[in-house]
Amino acid sequence: MIWWPVLLELGKRGIDHLPAVWRYGVCAYIESRWATAEQRWWRQKAQEFYDGLGRPATVLSGPFQGMPYINRSSGSAFLPKILGTYEMELRPAVEAICAAQPDLLVDIGAAEGYYAVGLARRLPRLRVRAYEIYPPARLMLQELIRLNRVGPRVRLGRWCTPRRLECALSEAQRPVVICDCEGAEDDLILPTQTPSLARAHLLVELHEAAAPGIGARLKERLAPTHRITEYPARSRTVADAPPGLVVEPGQVRLVLSERGHPAVAQSWYFCQPLESAARPSQEPMAVGEAGRLGRGRRA
Ligand SMILES: C[S@@+](CC[C@H](N)C(=O)[O-])C[C@H]1O[C@@H](n2cnc3c(N)ncnc32)[C@H](O)[C@@H]1O
């Protein structure tokens, strides 16, 4: 008897080998089947708003302003991405990462590539290793890579494991890891198995619901090697809209926040290796000196 996760994994791998037309069809089918009625409703509303804006083809604000983008997203709401309000709490961390001039980004749970491709665009010498297990997301990621012509510098992978992570990081001098993988951070951010994490900047989304106590555990694991700043998610307001876009108070939830999608982060850890945190020239931006930047939930 074949164990069903094995069957599922074989199926996912098989999708990558289908001719493009079939691959798009199968992925669209999976996407539509796996969405709840509520998610479909939010998607529909978001689509109407996007159409009303004239379907912008590039990100309108934020650290990746100007990046040509696809017209959908995976694992997160689309509108905040195209408008540039997506995870805007993390802007100081993204700028600090850029200022550190990393030579390698390992993006675990890359989805359609907002960070993987966005950072590859901002840092022309950056190499990227993007791990993503969900076939429809990988398909979108390939599209975004093509659209931004960063293909030669971005390599795709499926499952990330501590061994693969160590293998990638050990060859880099100034690596950065962005990790947003629905609780798998507990199994991946393990300095005992991945010693090269000690040299890396880490931006980790904490999924307490999937891995209860993960915040405390990561603090314990990383405190000896990193300075940790916590960025809690905060509610969006009309003032967060990109310049020139008028958003009514009743639209904030749909347009600027992650509502309508279940994977809503409550906080992130930005971890700077102590070695580089001691060098002010690499960190021109102060990123949350007090550690926590005010609590709040999204609208
Ligand atoms: C919330 S989404 C990521 C969103 C993405 N960081 C962004 O900002 O656009 C989480 C993704 O992690 C992927 N994932 C979960 N565990 C993983 C693992 N061990 N290796 C690679 N990808 C993983 C899922 O398939 C999912 O697409």
# chains A, B, ... in the order shown; residues from 1 in each chain; ligands from 1
call {"tool": "select_by_dssp", "arguments": {"residues": "region 25-200 of chain A", "states": "strand (DSSP E or B)", "output": "VMD selection string"}}
result
chain A and resid 58 68 104 to 108 127 to 131 154 to 157 175 to 179
call {"tool": "residues_near_ligand", "arguments": {"ligand": "ligand 1", "cutoff": "9 Å", "atoms": "only C-alpha atoms and all ligand atoms", "output": "mmCIF file with N, CA and C atoms, in the first residue's frame"}}
result
data_model
loop_
_atom_site.group_PDB
_atom_site.id
_atom_site.type_symbol
_atom_site.label_atom_id
_atom_site.label_comp_id
_atom_site.auth_asym_id
_atom_site.auth_seq_id
_atom_site.Cartn_x
_atom_site.Cartn_y
_atom_site.Cartn_z
ATOM 1 N N SER A 73 -1.402 35.965 -6.831
ATOM 2 C CA SER A 73 -0.370 35.575 -5.867
ATOM 3 C C SER A 73 -0.739 34.218 -5.282
ATOM 4 N N SER A 74 0.194 33.646 -4.543
ATOM 5 C CA SER A 74 -0.069 32.350 -3.921
ATOM 6 C C SER A 74 0.267 32.426 -2.434
ATOM 7 N N GLY A 75 -0.649 31.971 -1.599
ATOM 8 C CA GLY A 75 -0.363 31.906 -0.158
ATOM 9 C C GLY A 75 -0.491 33.232 0.550
ATOM 10 N N SER A 76 -0.964 34.258 -0.148
ATOM 11 C CA SER A 76 -1.124 35.584 0.463
ATOM 12 C C SER A 76 -2.076 36.383 -0.418
ATOM 13 N N ALA A 77 -2.553 37.515 0.113
ATOM 14 C CA ALA A 77 -3.477 38.335 -0.680
ATOM 15 C C ALA A 77 -2.705 39.069 -1.783
ATOM 16 N N LYS A 81 0.235 43.144 -2.379
ATOM 17 C CA LYS A 81 1.523 42.964 -3.070
ATOM 18 C C LYS A 81 1.665 43.965 -4.217
ATOM 19 N N TYR A 86 2.149 45.127 1.270
ATOM 20 C CA TYR A 86 2.334 43.779 1.806
ATOM 21 C C TYR A 86 3.451 43.770 2.851
ATOM 22 N N GLU A 87 3.162 43.260 4.025
ATOM 23 C CA GLU A 87 4.161 43.137 5.096
ATOM 24 C C GLU A 87 4.969 44.412 5.247
ATOM 25 N N ASP A 107 15.362 31.728 0.140
ATOM 26 C CA ASP A 107 13.976 32.093 0.439
ATOM 27 C C ASP A 107 13.191 30.791 0.607
ATOM 28 N N ILE A 108 12.793 30.512 1.842
ATOM 29 C CA ILE A 108 12.083 29.253 2.133
ATOM 30 C C ILE A 108 10.587 29.545 2.198
ATOM 31 N N GLY A 109 9.841 28.977 1.274
ATOM 32 C CA GLY A 109 8.419 29.306 1.133
ATOM 33 C C GLY A 109 8.317 30.562 0.280
ATOM 34 N N ALA A 110 8.932 30.485 -0.906
ATOM 35 C CA ALA A 110 9.065 31.683 -1.753
ATOM 36 C C ALA A 110 7.754 32.105 -2.393
ATOM 37 N N ALA A 111 6.756 31.208 -2.426
ATOM 38 C CA ALA A 111 5.483 31.473 -3.110
ATOM 39 C C ALA A 111 5.770 31.977 -4.533
ATOM 40 N N GLU A 112 5.112 33.044 -4.972
ATOM 41 C CA GLU A 112 5.322 33.482 -6.372
ATOM 42 C C GLU A 112 6.546 34.387 -6.512
ATOM 43 N N GLY A 113 7.247 34.643 -5.386
ATOM 44 C CA GLY A 113 8.556 35.284 -5.526
ATOM 45 C C GLY A 113 8.630 36.759 -5.176
ATOM 46 N N TYR A 114 7.696 37.256 -4.364
ATOM 47 C CA TYR A 114 7.733 38.691 -4.011
ATOM 48 C C TYR A 114 9.127 39.074 -3.484
ATOM 49 N N TYR A 115 9.641 38.302 -2.523
ATOM 50 C CA TYR A 115 10.962 38.625 -1.966
ATOM 51 C C TYR A 115 12.097 38.082 -2.839
ATOM 52 N N ALA A 116 11.946 36.846 -3.329
ATOM 53 C CA ALA A 116 13.033 36.234 -4.104
ATOM 54 C C ALA A 116 13.369 37.088 -5.322
ATOM 55 N N ALA A 130 15.468 29.683 -4.174
ATOM 56 C CA ALA A 130 14.070 29.827 -3.754
ATOM 57 C C ALA A 130 13.421 28.453 -3.613
ATOM 58 N N TYR A 131 13.028 28.131 -2.383
ATOM 59 C CA TYR A 131 12.373 26.845 -2.127
ATOM 60 C C TYR A 131 10.868 27.017 -2.057
ATOM 61 N N GLU A 132 10.160 26.188 -2.783
ATOM 62 C CA GLU A 132 8.692 26.253 -2.757
ATOM 63 C C GLU A 132 8.150 24.871 -3.119
ATOM 64 N N ILE A 133 7.240 24.365 -2.258
ATOM 65 C CA ILE A 133 6.747 22.996 -2.499
ATOM 66 C C ILE A 133 5.433 22.944 -3.267
ATOM 67 N N TYR A 134 4.738 24.071 -3.390
ATOM 68 C CA TYR A 134 3.384 24.052 -3.958
ATOM 69 C C TYR A 134 3.464 24.311 -5.466
ATOM 70 N N PRO A 135 3.090 23.342 -6.301
ATOM 71 C CA PRO A 135 3.290 23.499 -7.751
ATOM 72 C C PRO A 135 2.697 24.782 -8.350
ATOM 73 N N PRO A 136 1.442 25.156 -8.020
ATOM 74 C CA PRO A 136 0.934 26.397 -8.633
ATOM 75 C C PRO A 136 1.788 27.611 -8.271
ATOM 76 N N ALA A 137 2.306 27.632 -7.047
ATOM 77 C CA ALA A 137 3.161 28.759 -6.650
ATOM 78 C C ALA A 137 4.469 28.741 -7.442
ATOM 79 N N ARG A 138 5.009 27.524 -7.657
ATOM 80 C CA ARG A 138 6.272 27.433 -8.419
ATOM 81 C C ARG A 138 6.089 27.911 -9.850
ATOM 82 N N GLY A 157 14.050 25.347 -5.848
ATOM 83 C CA GLY A 157 14.087 24.055 -5.170
ATOM 84 C C GLY A 157 12.703 23.766 -4.635
ATOM 85 N N ARG A 158 12.471 22.533 -4.221
ATOM 86 C CA ARG A 158 11.158 22.200 -3.649
ATOM 87 C C ARG A 158 11.276 22.214 -2.127
ATOM 88 N N TRP A 159 11.452 21.053 -1.519
ATOM 89 C CA TRP A 159 11.544 20.968 -0.056
ATOM 90 C C TRP A 159 12.860 21.534 0.437
ATOM 91 N N CYS A 160 12.788 22.367 1.415
ATOM 92 C CA CYS A 160 14.017 22.799 2.065
ATOM 93 C C CYS A 160 14.195 21.914 3.298
ATOM 94 N N THR A 161 15.418 21.477 3.524
ATOM 95 C CA THR A 161 15.745 20.692 4.726
ATOM 96 C C THR A 161 16.951 21.359 5.386
ATOM 97 N N ILE A 178 15.248 34.183 4.214
ATOM 98 C CA ILE A 178 13.882 34.629 4.481
ATOM 99 C C ILE A 178 13.041 33.364 4.596
ATOM 100 N N CYS A 179 12.355 33.219 5.717
ATOM 101 C CA CYS A 179 11.669 31.964 5.990
ATOM 102 C C CYS A 179 10.211 32.232 6.349
ATOM 103 N N ASP A 180 9.318 31.774 5.495
ATOM 104 C CA ASP A 180 7.874 31.931 5.726
ATOM 105 C C ASP A 180 7.233 30.648 5.243
ATOM 106 N N CYS A 181 7.180 29.642 6.125
ATOM 107 C CA CYS A 181 6.771 28.326 5.633
ATOM 108 C C CYS A 181 5.837 27.609 6.607
ATOM 109 N N GLU A 182 4.889 28.344 7.124
ATOM 110 C CA GLU A 182 3.745 27.755 7.812
ATOM 111 C C GLU A 182 4.098 26.844 8.984
ATOM 112 N N GLY A 183 5.107 27.201 9.736
ATOM 113 C CA GLY A 183 5.470 26.428 10.929
ATOM 114 C C GLY A 183 6.706 25.571 10.730
ATOM 115 N N ALA A 184 7.100 25.345 9.458
ATOM 116 C CA ALA A 184 8.282 24.519 9.220
ATOM 117 C C ALA A 184 9.552 25.219 9.713
ATOM 118 N N GLU A 185 9.442 26.515 10.082
ATOM 119 C CA GLU A 185 10.607 27.208 10.638
ATOM 120 C C GLU A 185 11.159 26.473 11.861
ATOM 121 N N ASP A 187 11.505 23.330 12.216
ATOM 122 C CA ASP A 187 12.364 22.222 11.786
ATOM 123 C C ASP A 187 13.542 22.691 10.945
ATOM 124 N N LEU A 188 13.531 23.961 10.565
ATOM 125 C CA LEU A 188 14.567 24.439 9.634
ATOM 126 C C LEU A 188 15.570 25.396 10.276
ATOM 127 N N GLU A 205 9.119 34.493 9.632
ATOM 128 C CA GLU A 205 7.739 34.715 10.056
ATOM 129 C C GLU A 205 7.383 33.632 11.079
ATOM 130 N N PRO A 262 -6.024 33.087 4.929
ATOM 131 C CA PRO A 262 -5.853 32.547 6.276
ATOM 132 C C PRO A 262 -4.450 32.716 6.861
ATOM 133 N N ALA A 263 -3.420 32.791 5.992
ATOM 134 C CA ALA A 263 -2.049 32.814 6.524
ATOM 135 C C ALA A 263 -1.657 34.223 6.978
ATOM 136 N N VAL A 264 -2.281 34.698 8.050
ATOM 137 C CA VAL A 264 -1.978 36.046 8.521
ATOM 138 C C VAL A 264 -0.928 35.964 9.626
ATOM 139 N N ALA A 265 0.191 36.618 9.390
ATOM 140 C CA ALA A 265 1.274 36.558 10.379
ATOM 141 C C ALA A 265 0.938 37.418 11.582
#
call {"tool": "closest_residue", "arguments": {"among": "A:Met140, A:Ala223, A:Leu156, A:Leu203", "to": "Arg23 (chain A)", "atoms": "only C-alpha atoms"}}
result
A:Met140
call {"tool": "atom_distance", "arguments": {"atom1": "CA of Leu141 (chain A)", "atom2": "CA of Gln39 (chain A)"}}
result
21.2 Å
call {"tool": "closest_residue", "arguments": {"among": "A:Trp34, A:Lys45, A:Pro63, A:Leu256", "to": "Ala239 (chain A)", "atoms": "only C-alpha atoms"}}
result
A:Leu256
call {"tool": "atom_distance", "arguments": {"atom1": "CA of Pro191 (chain A)", "atom2": "CA of Leu105 (chain A)"}}
result
17.3 Å
call {"tool": "select_by_dssp", "arguments": {"residues": "region 27-184 of chain A", "states": "helix (DSSP H, G or I)", "output": "PyMOL selection string"}}
result
chain A and resi 27-34+37-52+78-83+88-99+114-122+135-148+151-153+162-170
call {"tool": "write_last_selection", "arguments": {"atoms": "C-alpha atoms", "output": "mmCIF file, in the first residue's frame"}}
result
data_model
loop_
_atom_site.group_PDB
_atom_site.id
_atom_site.type_symbol
_atom_site.label_atom_id
_atom_site.label_comp_id
_atom_site.auth_asym_id
_atom_site.auth_seq_id
_atom_site.Cartn_x
_atom_site.Cartn_y
_atom_site.Cartn_z
ATOM 1 C CA CYS A 27 -2.474 24.208 -11.327
ATOM 2 C CA ALA A 28 -5.545 26.361 -12.017
ATOM 3 C CA TYR A 29 -7.744 23.393 -11.095
ATOM 4 C CA ILE A 30 -5.845 22.800 -7.816
ATOM 5 C CA GLU A 31 -6.075 26.506 -6.960
ATOM 6 C CA SER A 32 -9.822 26.623 -7.552
ATOM 7 C CA ARG A 33 -10.520 23.369 -5.653
ATOM 8 C CA TRP A 34 -8.475 24.330 -2.603
ATOM 9 C CA ALA A 37 -16.018 29.959 -0.473
ATOM 10 C CA GLU A 38 -14.840 32.858 1.713
ATOM 11 C CA GLN A 39 -11.485 33.017 -0.060
ATOM 12 C CA ARG A 40 -13.223 32.981 -3.450
ATOM 13 C CA TRP A 41 -15.411 35.878 -2.303
ATOM 14 C CA TRP A 42 -12.364 37.934 -1.234
ATOM 15 C CA ARG A 43 -10.577 37.067 -4.467
ATOM 16 C CA GLN A 44 -13.561 38.209 -6.503
ATOM 17 C CA LYS A 45 -13.740 41.542 -4.625
ATOM 18 C CA ALA A 46 -9.996 42.025 -4.985
ATOM 19 C CA GLN A 47 -10.235 41.310 -8.713
ATOM 20 C CA GLU A 48 -12.944 43.952 -9.107
ATOM 21 C CA PHE A 49 -10.807 46.528 -7.271
ATOM 22 C CA TYR A 50 -7.763 45.592 -9.382
ATOM 23 C CA ASP A 51 -9.784 45.917 -12.587
ATOM 24 C CA GLY A 52 -11.035 49.309 -11.379
ATOM 25 C CA PHE A 78 -2.655 39.817 -4.094
ATOM 26 C CA LEU A 79 -3.727 43.469 -3.735
ATOM 27 C CA PRO A 80 -1.277 44.347 -0.912
ATOM 28 C CA LYS A 81 1.523 42.964 -3.070
ATOM 29 C CA ILE A 82 0.748 44.953 -6.210
ATOM 30 C CA LEU A 83 0.047 48.068 -4.117
ATOM 31 C CA MET A 88 5.005 46.841 5.241
ATOM 32 C CA GLU A 89 6.034 46.399 8.891
ATOM 33 C CA LEU A 90 9.167 44.773 7.463
ATOM 34 C CA ARG A 91 10.364 47.684 5.335
ATOM 35 C CA PRO A 92 13.197 48.610 7.746
ATOM 36 C CA ALA A 93 14.323 44.976 7.819
ATOM 37 C CA VAL A 94 14.275 44.753 4.010
ATOM 38 C CA GLU A 95 16.341 47.947 3.772
ATOM 39 C CA ALA A 96 18.801 46.608 6.366
ATOM 40 C CA ILE A 97 19.136 43.418 4.324
ATOM 41 C CA CYS A 98 19.857 45.444 1.177
ATOM 42 C CA ALA A 99 22.394 47.569 3.052
ATOM 43 C CA TYR A 114 7.733 38.691 -4.011
ATOM 44 C CA TYR A 115 10.962 38.625 -1.966
ATOM 45 C CA ALA A 116 13.033 36.234 -4.104
ATOM 46 C CA VAL A 117 12.569 38.267 -7.282
ATOM 47 C CA GLY A 118 12.173 41.640 -5.554
ATOM 48 C CA LEU A 119 15.539 41.335 -3.844
ATOM 49 C CA ALA A 120 17.191 39.896 -6.961
ATOM 50 C CA ARG A 121 16.077 43.082 -8.763
ATOM 51 C CA ARG A 122 17.318 45.374 -6.029
ATOM 52 C CA PRO A 135 3.290 23.499 -7.751
ATOM 53 C CA PRO A 136 0.934 26.397 -8.633
ATOM 54 C CA ALA A 137 3.161 28.759 -6.650
ATOM 55 C CA ARG A 138 6.272 27.433 -8.419
ATOM 56 C CA LEU A 139 4.619 28.059 -11.762
ATOM 57 C CA MET A 140 3.888 31.672 -10.786
ATOM 58 C CA LEU A 141 7.445 32.025 -9.502
ATOM 59 C CA GLN A 142 8.809 30.921 -12.876
ATOM 60 C CA GLU A 143 6.576 33.516 -14.547
ATOM 61 C CA LEU A 144 7.767 36.294 -12.232
ATOM 62 C CA ILE A 145 11.402 35.318 -12.768
ATOM 63 C CA ARG A 146 10.921 35.501 -16.545
ATOM 64 C CA LEU A 147 9.075 38.807 -16.322
ATOM 65 C CA ASN A 148 11.952 40.364 -14.376
ATOM 66 C CA GLY A 151 16.570 33.767 -14.314
ATOM 67 C CA PRO A 152 20.319 33.212 -14.368
ATOM 68 C CA ARG A 153 20.620 34.213 -10.701
ATOM 69 C CA PRO A 162 18.400 21.668 7.301
ATOM 70 C CA ARG A 163 20.998 19.800 5.221
ATOM 71 C CA ARG A 164 20.081 21.628 1.995
ATOM 72 C CA LEU A 165 20.049 24.913 3.853
ATOM 73 C CA GLU A 166 23.522 24.288 5.287
ATOM 74 C CA CYS A 167 24.786 23.235 1.863
ATOM 75 C CA ALA A 168 23.565 26.511 0.295
ATOM 76 C CA LEU A 169 24.702 28.785 3.135
ATOM 77 C CA SER A 170 28.147 27.270 3.547
#
call {"tool": "residues_around", "arguments": {"residues": "Val176 (chain A)", "least_positions_apart": "5", "cutoff": "10 Å", "atoms": "only C-alpha atoms", "output": "list in words"}}
result
Ile97, Cys98, Ala100, Gln101, Pro102, Asp103, Leu104, Leu105, Val106, Asp107, Val128, Leu169, Leu197, Arg199, Ala200, His201, Leu202, Leu203, Cys271 and Gln272 of chain A
call {"tool": "decode", "arguments": {"residues": "region 195-220 of chain A", "atoms": "N, CA and C atoms", "output": "PDB file, in the first residue's frame"}}
result
ATOM      1  N   PRO A 195      24.994  25.068  11.038  1.00  0.00           N
ATOM      2  CA  PRO A 195      25.845  26.039  11.740  1.00  0.00           C
ATOM      3  C   PRO A 195      26.048  27.340  10.971  1.00  0.00           C
ATOM      4  N   SER A 196      25.931  27.301   9.633  1.00  0.00           N
ATOM      5  CA  SER A 196      26.162  28.523   8.854  1.00  0.00           C
ATOM      6  C   SER A 196      25.086  29.582   9.100  1.00  0.00           C
ATOM      7  N   LEU A 197      23.999  29.206   9.778  1.00  0.00           N
ATOM      8  CA  LEU A 197      22.988  30.214  10.125  1.00  0.00           C
ATOM      9  C   LEU A 197      23.601  31.321  10.976  1.00  0.00           C
ATOM     10  N   ALA A 198      24.647  30.992  11.688  1.00  0.00           N
ATOM     11  CA  ALA A 198      25.272  31.980  12.589  1.00  0.00           C
ATOM     12  C   ALA A 198      25.761  33.204  11.819  1.00  0.00           C
ATOM     13  N   ARG A 199      26.106  33.026  10.521  1.00  0.00           N
ATOM     14  CA  ARG A 199      26.637  34.156   9.730  1.00  0.00           C
ATOM     15  C   ARG A 199      25.543  34.861   8.941  1.00  0.00           C
ATOM     16  N   ALA A 200      24.318  34.320   9.009  1.00  0.00           N
ATOM     17  CA  ALA A 200      23.277  34.821   8.104  1.00  0.00           C
ATOM     18  C   ALA A 200      22.346  35.825   8.780  1.00  0.00           C
ATOM     19  N   HIS A 201      21.888  36.804   7.992  1.00  0.00           N
ATOM     20  CA  HIS A 201      20.744  37.610   8.410  1.00  0.00           C
ATOM     21  C   HIS A 201      19.508  36.722   8.223  1.00  0.00           C
ATOM     22  N   LEU A 202      18.604  36.746   9.186  1.00  0.00           N
ATOM     23  CA  LEU A 202      17.412  35.903   9.081  1.00  0.00           C
ATOM     24  C   LEU A 202      16.162  36.750   9.249  1.00  0.00           C
ATOM     25  N   LEU A 203      15.212  36.542   8.372  1.00  0.00           N
ATOM     26  CA  LEU A 203      13.903  37.185   8.529  1.00  0.00           C
ATOM     27  C   LEU A 203      12.888  36.045   8.557  1.00  0.00           C
ATOM     28  N   VAL A 204      12.338  35.794   9.739  1.00  0.00           N
ATOM     29  CA  VAL A 204      11.517  34.594   9.933  1.00  0.00           C
ATOM     30  C   VAL A 204      10.109  34.975  10.367  1.00  0.00           C
ATOM     31  N   GLU A 205       9.119  34.493   9.632  1.00  0.00           N
ATOM     32  CA  GLU A 205       7.739  34.715  10.056  1.00  0.00           C
ATOM     33  C   GLU A 205       7.383  33.632  11.079  1.00  0.00           C
ATOM     34  N   LEU A 206       6.830  34.063  12.207  1.00  0.00           N
ATOM     35  CA  LEU A 206       6.520  33.099  13.272  1.00  0.00           C
ATOM     36  C   LEU A 206       5.084  32.608  13.120  1.00  0.00           C
ATOM     37  N   HIS A 207       4.907  31.306  13.089  1.00  0.00           N
ATOM     38  CA  HIS A 207       3.569  30.721  12.964  1.00  0.00           C
ATOM     39  C   HIS A 207       3.241  29.981  14.256  1.00  0.00           C
ATOM     40  N   GLU A 208       2.839  30.763  15.249  1.00  0.00           N
ATOM     41  CA  GLU A 208       2.580  30.192  16.574  1.00  0.00           C
ATOM     42  C   GLU A 208       1.453  29.159  16.528  1.00  0.00           C
ATOM     43  N   ALA A 209       0.482  29.358  15.621  1.00  0.00           N
ATOM     44  CA  ALA A 209      -0.642  28.423  15.577  1.00  0.00           C
ATOM     45  C   ALA A 209      -0.169  27.041  15.124  1.00  0.00           C
ATOM     46  N   ALA A 210       0.768  27.022  14.184  1.00  0.00           N
ATOM     47  CA  ALA A 210       1.256  25.745  13.659  1.00  0.00           C
ATOM     48  C   ALA A 210       2.376  25.167  14.530  1.00  0.00           C
ATOM     49  N   ALA A 211       3.133  26.044  15.167  1.00  0.00           N
ATOM     50  CA  ALA A 211       4.262  25.593  15.988  1.00  0.00           C
ATOM     51  C   ALA A 211       4.240  26.365  17.316  1.00  0.00           C
ATOM     52  N   PRO A 212       3.355  25.962  18.227  1.00  0.00           N
ATOM     53  CA  PRO A 212       3.218  26.716  19.484  1.00  0.00           C
ATOM     54  C   PRO A 212       4.556  26.840  20.220  1.00  0.00           C
ATOM     55  N   GLY A 213       4.850  28.063  20.667  1.00  0.00           N
ATOM     56  CA  GLY A 213       6.091  28.288  21.416  1.00  0.00           C
ATOM     57  C   GLY A 213       7.288  28.571  20.519  1.00  0.00           C
ATOM     58  N   ILE A 214       7.042  28.727  19.198  1.00  0.00           N
ATOM     59  CA  ILE A 214       8.165  28.891  18.257  1.00  0.00           C
ATOM     60  C   ILE A 214       8.973  30.162  18.543  1.00  0.00           C
ATOM     61  N   GLY A 215       8.281  31.229  18.967  1.00  0.00           N
ATOM     62  CA  GLY A 215       8.987  32.484  19.240  1.00  0.00           C
ATOM     63  C   GLY A 215      10.035  32.296  20.319  1.00  0.00           C
ATOM     64  N   ALA A 216       9.634  31.672  21.414  1.00  0.00           N
ATOM     65  CA  ALA A 216      10.554  31.468  22.538  1.00  0.00           C
ATOM     66  C   ALA A 216      11.688  30.532  22.130  1.00  0.00           C
ATOM     67  N   ARG A 217      11.354  29.491  21.357  1.00  0.00           N
ATOM     68  CA  ARG A 217      12.392  28.525  20.957  1.00  0.00           C
ATOM     69  C   ARG A 217      13.423  29.177  20.045  1.00  0.00           C
ATOM     70  N   LEU A 218      12.945  29.979  19.082  1.00  0.00           N
ATOM     71  CA  LEU A 218      13.901  30.607  18.160  1.00  0.00           C
ATOM     72  C   LEU A 218      14.794  31.591  18.907  1.00  0.00           C
ATOM     73  N   LYS A 219      14.202  32.282  19.872  1.00  0.00           N
ATOM     74  CA  LYS A 219      14.990  33.236  20.659  1.00  0.00           C
ATOM     75  C   LYS A 219      16.133  32.499  21.351  1.00  0.00           C
ATOM     76  N   GLU A 220      15.794  31.376  21.945  1.00  0.00           N
ATOM     77  CA  GLU A 220      16.806  30.601  22.670  1.00  0.00           C
ATOM     78  C   GLU A 220      17.894  30.092  21.710  1.00  0.00           C
TER      79      GLU A 220
END
